[in-house]
Amino acid sequence: MGNDTIADMITSVRNASLRKIGIVQVPATNATRDIARILSREGFIEGFADNQQNPNILMLNSKYRGRKKESYITTLRRISKPGLRVYSNHREIPKVLGGMGIIILSTSGGIMTDREARREKIGGELLCYVW
């Protein structure tokens, strides 16, 4: 695990969904909690909770469908990186799959989805996209 906790979280969730693992442990920060809250609210994961033994770990419950355990997360990719930050105003926020996926942004109003940012007319840093 490096200094980029958001990238670590995204990689852990993506690897767990490929291997069909039920519970994923990620570093617990305010940003990762907000992203987990958004993923849970949008239906990509079942839920999340703090680890009782180690408060620095956040436990995510992956969500699967069918007998083959197909993950609800098809693609999860980091957009803005520590070496290359990507910003957008509310008019230029891209749509993922014509609105089927979401983009998670860090704005002055907190971490939110692309739909919320467009509705509130707030731009910000594009963190990742999910579909």
# chains A, B, ... in the order shown; residues from 1 in each chain; ligands from 1
$ select_by_dssp --residues "chain A" --states "strand (DSSP E or B)" --output "ChimeraX atom specification"
/A:23-27,45-50,57-62,64-65,70-71,76-78,81,84,87-88,102-107,110-113,124-130
$ residues_around --residues "stretch 116-119 of chain A" --least-positions-apart "4" --cutoff "9 Å" --atoms "only C-alpha atoms" --output "PyMOL selection string"
chain A and resi 89-91+93+105+107+109+112+123-124
$ residues_around --residues "A:Glu70" --least-positions-apart "4" --cutoff "12 Å" --atoms "only C-alpha atoms" --output "mmCIF file with N, CA, C and O atoms, in the first residue's frame"
data_model
loop_
_atom_site.group_PDB
_atom_site.id
_atom_site.type_symbol
_atom_site.label_atom_id
_atom_site.label_comp_id
_atom_site.auth_asym_id
_atom_site.auth_seq_id
_atom_site.Cartn_x
_atom_site.Cartn_y
_atom_site.Cartn_z
ATOM 1 N N ALA A 16 -10.789 -7.858 -5.913
ATOM 2 C CA ALA A 16 -11.736 -8.712 -5.201
ATOM 3 C C ALA A 16 -12.926 -9.075 -6.083
ATOM 4 O O ALA A 16 -13.419 -10.209 -6.026
ATOM 5 N N SER A 17 -13.388 -8.130 -6.900
ATOM 6 C CA SER A 17 -14.519 -8.441 -7.772
ATOM 7 C C SER A 17 -14.113 -9.424 -8.865
ATOM 8 O O SER A 17 -14.920 -10.261 -9.273
ATOM 9 N N LEU A 18 -12.875 -9.354 -9.329
ATOM 10 C CA LEU A 18 -12.406 -10.323 -10.325
ATOM 11 C C LEU A 18 -12.251 -11.723 -9.723
ATOM 12 O O LEU A 18 -12.512 -12.721 -10.388
ATOM 13 N N ARG A 19 -11.834 -11.789 -8.463
ATOM 14 C CA ARG A 19 -11.639 -13.083 -7.795
ATOM 15 C C ARG A 19 -12.880 -13.551 -7.050
ATOM 16 O O ARG A 19 -12.871 -14.602 -6.432
ATOM 17 N N LYS A 20 -13.954 -12.738 -7.094
ATOM 18 C CA LYS A 20 -15.233 -13.055 -6.449
ATOM 19 C C LYS A 20 -15.091 -13.255 -4.941
ATOM 20 O O LYS A 20 -15.607 -14.201 -4.355
ATOM 21 N N ILE A 21 -14.385 -12.328 -4.306
ATOM 22 C CA ILE A 21 -14.194 -12.333 -2.859
ATOM 23 C C ILE A 21 -15.277 -11.473 -2.223
ATOM 24 O O ILE A 21 -15.590 -10.388 -2.712
ATOM 25 N N GLY A 22 -15.848 -11.937 -1.135
ATOM 26 C CA GLY A 22 -16.979 -11.253 -0.507
ATOM 27 C C GLY A 22 -16.621 -10.017 0.281
ATOM 28 O O GLY A 22 -17.291 -9.000 0.193
ATOM 29 N N PHE A 44 -23.439 -0.610 -5.892
ATOM 30 C CA PHE A 44 -22.301 -1.379 -6.400
ATOM 31 C C PHE A 44 -21.730 -2.319 -5.340
ATOM 32 O O PHE A 44 -21.124 -3.327 -5.671
ATOM 33 N N SER A 62 -18.731 -6.950 -0.910
ATOM 34 C CA SER A 62 -18.974 -6.945 -2.350
ATOM 35 C C SER A 62 -20.371 -7.452 -2.656
ATOM 36 O O SER A 62 -20.960 -8.197 -1.884
ATOM 37 N N LYS A 63 -20.885 -7.059 -3.816
ATOM 38 C CA LYS A 63 -22.237 -7.438 -4.215
ATOM 39 C C LYS A 63 -22.151 -8.216 -5.528
ATOM 40 O O LYS A 63 -21.555 -7.741 -6.493
ATOM 41 N N TYR A 64 -22.767 -9.408 -5.542
ATOM 42 C CA TYR A 64 -22.746 -10.272 -6.721
ATOM 43 C C TYR A 64 -24.162 -10.684 -7.072
ATOM 44 O O TYR A 64 -25.058 -10.658 -6.240
ATOM 45 N N ARG A 65 -24.351 -11.111 -8.331
ATOM 46 C CA ARG A 65 -25.667 -11.576 -8.769
ATOM 47 C C ARG A 65 -25.519 -12.911 -9.494
ATOM 48 O O ARG A 65 -24.514 -13.168 -10.158
ATOM 49 N N GLY A 66 -26.544 -13.731 -9.373
ATOM 50 C CA GLY A 66 -26.598 -14.997 -10.105
ATOM 51 C C GLY A 66 -25.737 -16.095 -9.513
ATOM 52 O O GLY A 66 -25.020 -15.913 -8.547
ATOM 53 N N THR A 74 -18.428 -3.668 -12.991
ATOM 54 C CA THR A 74 -17.792 -4.175 -14.203
ATOM 55 C C THR A 74 -16.427 -3.525 -14.392
ATOM 56 O O THR A 74 -15.441 -4.198 -14.657
#
$ closest_residue --among "A:Met100, A:Ile45, A:Cys128, A:Ile57" --to "A:Val86" --atoms "only C-alpha atoms"
A:Cys128
$ atom_distance --atom1 "atom CA of A:Gly43" --atom2 "atom CA of A:Asn56"
24.2 Å
